[in-house]
Amino acid sequence: MPAYRHILVPLDLTDDSTLIGERAKIVATAFGAAVELLHVVEFVPVEPMGETLMPAVAIEEELIQRAKTRLAALAGSLGLAGAPVHVEAGNVKAEIIRVARERQVDLIVLGSRERHGLSILVNLTEDTVLHGAPCDVLAVRVGARAAAA
């Protein structure tokens, strides 16, 4: 099996992001791999065809800047201050796959939440990434069950 050399870590900047980042760092250290962090701002304008286009663009830019600040702070707290951090705007699922292809990563490390009932029918980000990724995907269990483990 070839070693992983380039790891992409998509983070949603919730409390679970620290656990995901820590697990990615462990894998990166074991393989001597480079790590890149990614956050996707999925912005849906309130009035897509309305007159509020300029304020909506300004709001999106503010969200992107805040995400960059938070992602850089998270990278620092994980001991990954030198790692490239990317904040993209768009569909979370599509952007993770696009960035993975463009950056030619060989592993994506992302969080996975346990689902119950009707939520099993929902196509979550980790499902789409798992089936659409150009590389291996490592899912880190997050949420209540992960905390109990």
# chains A, B, ... in the order shown; residues from 1 in each chain; ligands from 1
call {"tool": "residues_around", "arguments": {"residues": "Gly132 of chain A", "least_positions_apart": "6", "cutoff": "12 Å", "atoms": "only C-alpha atoms", "output": "list in words"}}
result
Lys93, Ala94, Glu95, Ile96, Ile97, Arg98, Ala100, Arg101, Ile108, Thr125 and Glu126 of chain A
call {"tool": "closest_residue", "arguments": {"among": "A:Ser77, A:Ser112, A:Thr128, A:Gln65", "to": "Arg141 of chain A", "atoms": "only C-alpha atoms"}}
result
A:Ser112
call {"tool": "closest_residue", "arguments": {"among": "A:Val142, A:Leu63, A:Leu78, A:Ala83", "to": "Ala33 of chain A", "atoms": "only C-alpha atoms"}}
result
A:Ala83
call {"tool": "closest_residue", "arguments": {"among": "A:His39, A:Lys25, A:Arg66, A:Arg103", "to": "Gly79 of chain A", "atoms": "only C-alpha atoms"}}
result
A:Lys25
call {"tool": "atom_distance", "arguments": {"atom1": "atom CA of Pro134 of chain A", "atom2": "atom CA of Arg5 of chain A"}}
result
14.4 Å
call {"tool": "closest_residue", "arguments": {"among": "A:Asp127, A:Glu60, A:Glu102, A:Glu22", "to": "Val41 of chain A", "atoms": "only C-alpha atoms"}}
result
A:Glu60
call {"tool": "residues_around", "arguments": {"residues": "segment 8-15 of chain A", "least_positions_apart": "3", "cutoff": "6 Å", "atoms": "only C-alpha atoms", "output": "list in words"}}
result
Val35, Glu36, Leu37, Leu38, His39, Ile108, Val109 and Leu110 of chain A
call {"tool": "write_last_selection", "arguments": {"atoms": "N, CA and C atoms", "output": "mmCIF file, in the first residue's frame"}}
result
data_model
loop_
_atom_site.group_PDB
_atom_site.id
_atom_site.type_symbol
_atom_site.label_atom_id
_atom_site.label_comp_id
_atom_site.auth_asym_id
_atom_site.auth_seq_id
_atom_site.Cartn_x
_atom_site.Cartn_y
_atom_site.Cartn_z
ATOM 1 N N VAL A 35 -0.595 18.207 5.460
ATOM 2 C CA VAL A 35 -2.009 18.390 5.784
ATOM 3 C C VAL A 35 -2.474 19.741 5.275
ATOM 4 N N GLU A 36 -3.662 19.757 4.692
ATOM 5 C CA GLU A 36 -4.320 21.003 4.309
ATOM 6 C C GLU A 36 -5.701 21.009 4.941
ATOM 7 N N LEU A 37 -6.093 22.150 5.477
ATOM 8 C CA LEU A 37 -7.404 22.294 6.093
ATOM 9 C C LEU A 37 -8.332 23.049 5.152
ATOM 10 N N LEU A 38 -9.602 22.642 5.158
ATOM 11 C CA LEU A 38 -10.592 23.248 4.274
ATOM 12 C C LEU A 38 -11.878 23.513 5.036
ATOM 13 N N HIS A 39 -12.450 24.672 4.808
ATOM 14 C CA HIS A 39 -13.806 24.975 5.288
ATOM 15 C C HIS A 39 -14.574 25.541 4.102
ATOM 16 N N ILE A 108 -8.686 11.988 2.356
ATOM 17 C CA ILE A 108 -9.556 13.010 2.952
ATOM 18 C C ILE A 108 -9.961 12.481 4.324
ATOM 19 N N VAL A 109 -9.768 13.295 5.357
ATOM 20 C CA VAL A 109 -10.192 12.936 6.711
ATOM 21 C C VAL A 109 -11.330 13.868 7.077
ATOM 22 N N LEU A 110 -12.517 13.285 7.313
ATOM 23 C CA LEU A 110 -13.675 14.112 7.651
ATOM 24 C C LEU A 110 -14.494 13.476 8.756
#
